[in-house]
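These notes concern the structure reproduced below.
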Amino acid sequence: MQVVGWPICFLAGQRPHETFRRPPRKGNTVDYKKFARQQIEAIRKTVGKGKAISALSGGVDSAVCTVLAHQAIGDRMKVIFIDDGLMRQDEPKWVKDQFAKLGIRVTILRTAKTFFKALRGKIDPEEKRKAFRDTFYRTFSKAVRDSKAQFLIQGTIAADILETRKGVKTQHNVLDQIGISAKKQYGYTTIEPLKTLYKPGVRKVGRALGMPKQLYTRMPFPGPGLATRCLGEVNPERIAIVRKACQIVEDETVRLKKFQAFAVLLADQATGVTKDGHRRFGHLVAVRCVNSENAVTATATKLPWSTLMTIQKRIYKEIPSVTKVLYDLSPKPPSTIEYI
Ligand code: XMP
């Protein structure tokens with residue numbers, strides 16, 4: 001059971017009389033079916049006779065949001081997946097195929113060059129986040145204009161707003177709370193039907209909507225993608241390394257209970273040795289696997305030793321430029337889940 005009370009509603013910048021409200025309760029539990037119906041009605045009311053774009057990343061939040069909005073306004077919503085070059089292996093095709101099964105057409109915008117250009121030379125975590133966010137919303141600006149839409153529907157949730165408000169990190173999809181007006185700066189109004197919920201609540205809305213389980217139980221994946229798992233410069237070569245390493249970690253932990261599992265490319269190099277005894281410098285990869293309820297706090301998962309050994313073996317074999325593999329034991333706090 002998830003309890004969403006006044007303070008979260010307040011954090012999310014809403015008052016109870018506003019259209020996009022907190023979930024209603026039935027006895028001791030939250031009524032997610034009713035919540036879904038209310039949000040569908042609210043989206044319909046807000047968009048009116050207009051048009052909207054849904055920003056789909058394939059993560060749980062934007063997936064649930066897209067299905068809600070599709071049920072609200074059908075073909076007056078265009079679903080756009082930005083292939084920014086920072087996605088997991090084969091993600092654009094997987095997402096497009098999954099939504100096609102639901103009768104929702106997804107348009108893929110290939111924009112990797114623009115994102116890598118914006119991120120070039122940036123090392124500071126918040127500078128990277130800002131570069132990502134600006135590029136993300138500018139890309140949608142053009143898509144919204146081209147489609148003659150007035151609204152951008154996005155899957156911002158309460159945890160995104162909380163992290164940004166507290167000043168931990170500016171999440172890519174939070175604007176109002178850092179003083180940016182989407183309307184003034186980008187020319188459209190954002191609609192955020194899930195912003196009063198945390199991750200477990202979002203999953204329950206997905207289930208209430210009758211979505212396929214593999215969509216609403218998916219592991220969270222951050223909007224800025226693999227850029228959050230690449231310390232130092234984000235470029236295509238370094239992203240290819242972290243993408244491969246993430247795929248290995250995901251494969252090897254697929255059957256284990258956890259909140260998130262991934263790999264991170266660190267910024268430095270470490271000394272290694274070749275089979276014939278020569279020194280070489282190589283990349284350092286950290287493996288991160290955490291248990292968490294809602295991403296606000298987390299602890300390192302006690303992975304079986306055999307899983308860790310398989311992961312390190314596969315990383316050295318499949319990414320020969322790596323000379324060290326580390327397992328990250330840090331809880332949140334003092335750490336965060338991602339690395340930027
Ligand atoms: P942190 O690293 O803050 O992550 O402990 C908490 C949760 O949020 C995800 N995350 C993001 N999600 N946009 C998102 O949509 C972002 O900018 C972002 N940054 C982190 C992270 O994967 C974890 O689940």
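Just remember, in the structure tokens the first chain shown is A, the second B, etc., residues are 1-based per chain, and ligands are 1-based in the order shown.
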List as a PyMOL selection string the protein and nucleic acid residues lying within 10 Å of ligand 1, with only C-alpha atoms and all ligand atoms counted. chain A and resi 57+59-62+129-130+132-133+154-157+159-164+168-174+199+219-229+259-262+290+292+294-298+331-340
Please identify the strand (DSSP E) residues within segment 156-333 of chain A (assignment by DSSP from backbone atoms) and present them as a VMD selection string. chain A and resid 189 to 191 260 to 273 279 to 291 299 to 300 322 to 327
Close residues, segment 116-126 of chain A itself excluded, 6 Å, only C-alpha atoms, min 5 positions apart in chain, as a PyMOL selection string: chain A and resi 131+232-233+340
Okay, now the selection with C-alpha atoms, as a compact mmCIF listing (two decimals), in the first residue's frame?
# COMPACT_ATOMS: atom_id res chain seq x y z
CA ALA A 131 22.99 20.15 -21.45
CA GLY A 232 34.11 12.06 -17.47
CA GLU A 233 33.28 12.93 -21.05
CA ILE A 340 25.75 11.97 -11.87
Excluding Leu194 of chain A and its own-chain neighbours fewer than 4 positions away, which residues fall within 12 Å of it when counting only C-alpha atoms? Please give them as a ChimeraX atom specification. /A:4,8-9,12,14,20-23,32,35-36,38-40,42-43,60-69,153-161,198-206
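Of the listed residues A:Ala72, A:Ala149, A:Ala263, A:Leu329, the one whose atoms come nearest to Asn291 of chain A is A:Leu329, with distances taken using only C-alpha atoms.
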Find the nearest atom pair between each residue of segment 68-89 of chain A and segment 142-146 of chain A for residues within 12 Å, count only C-alpha atoms, give distances in Å to one decimal, sort rows by chain and ascending number, and present the table as CSV.
residue,atom,partner,partner_atom,distance
A:Met77,CA,A:Val144,CA,10.5
A:Lys78,CA,A:Val144,CA,9.2
A:Val79,CA,A:Ala143,CA,10.3
A:Ile80,CA,A:Ala143,CA,8.3
A:Phe81,CA,A:Ala143,CA,10.9
A:Ile82,CA,A:Ala143,CA,10.4
With N, CA and C atoms retained, could you export that selection as a CSV table (one decimal), in the first residue's frame?
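What follows is the written file out_17.csv:
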chain,number,residue,atom,x,y,z
A,77,MET,N,-2.9,12.4,-29.9
A,77,MET,CA,-1.6,12.4,-29.3
A,77,MET,C,-0.6,11.7,-30.2
A,78,LYS,N,0.5,12.3,-30.4
A,78,LYS,CA,1.6,11.6,-31.2
A,78,LYS,C,2.6,11.2,-30.2
A,79,VAL,N,3.1,10.0,-30.3
A,79,VAL,CA,4.0,9.4,-29.3
A,79,VAL,C,5.4,9.5,-29.9
A,80,ILE,N,6.3,10.2,-29.2
A,80,ILE,CA,7.7,10.3,-29.8
A,80,ILE,C,8.7,9.7,-28.8
A,81,PHE,N,9.6,8.9,-29.4
A,81,PHE,CA,10.7,8.3,-28.7
A,81,PHE,C,11.9,9.0,-29.2
A,82,ILE,N,12.7,9.7,-28.4
A,82,ILE,CA,13.9,10.3,-28.9
A,82,ILE,C,15.1,9.3,-28.7
List every residue of segment 205-249 of chain A that DSSP, applied to the backbone, labels as alpha helix (DSSP H), and write the result as a count of residues only. 22
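Proximity to Val234 of chain A was assessed for A:Phe99, A:Tyr137, A:Trp94, A:Phe115 counting only C-alpha atoms; the smallest distance is recorded for A:Phe115.
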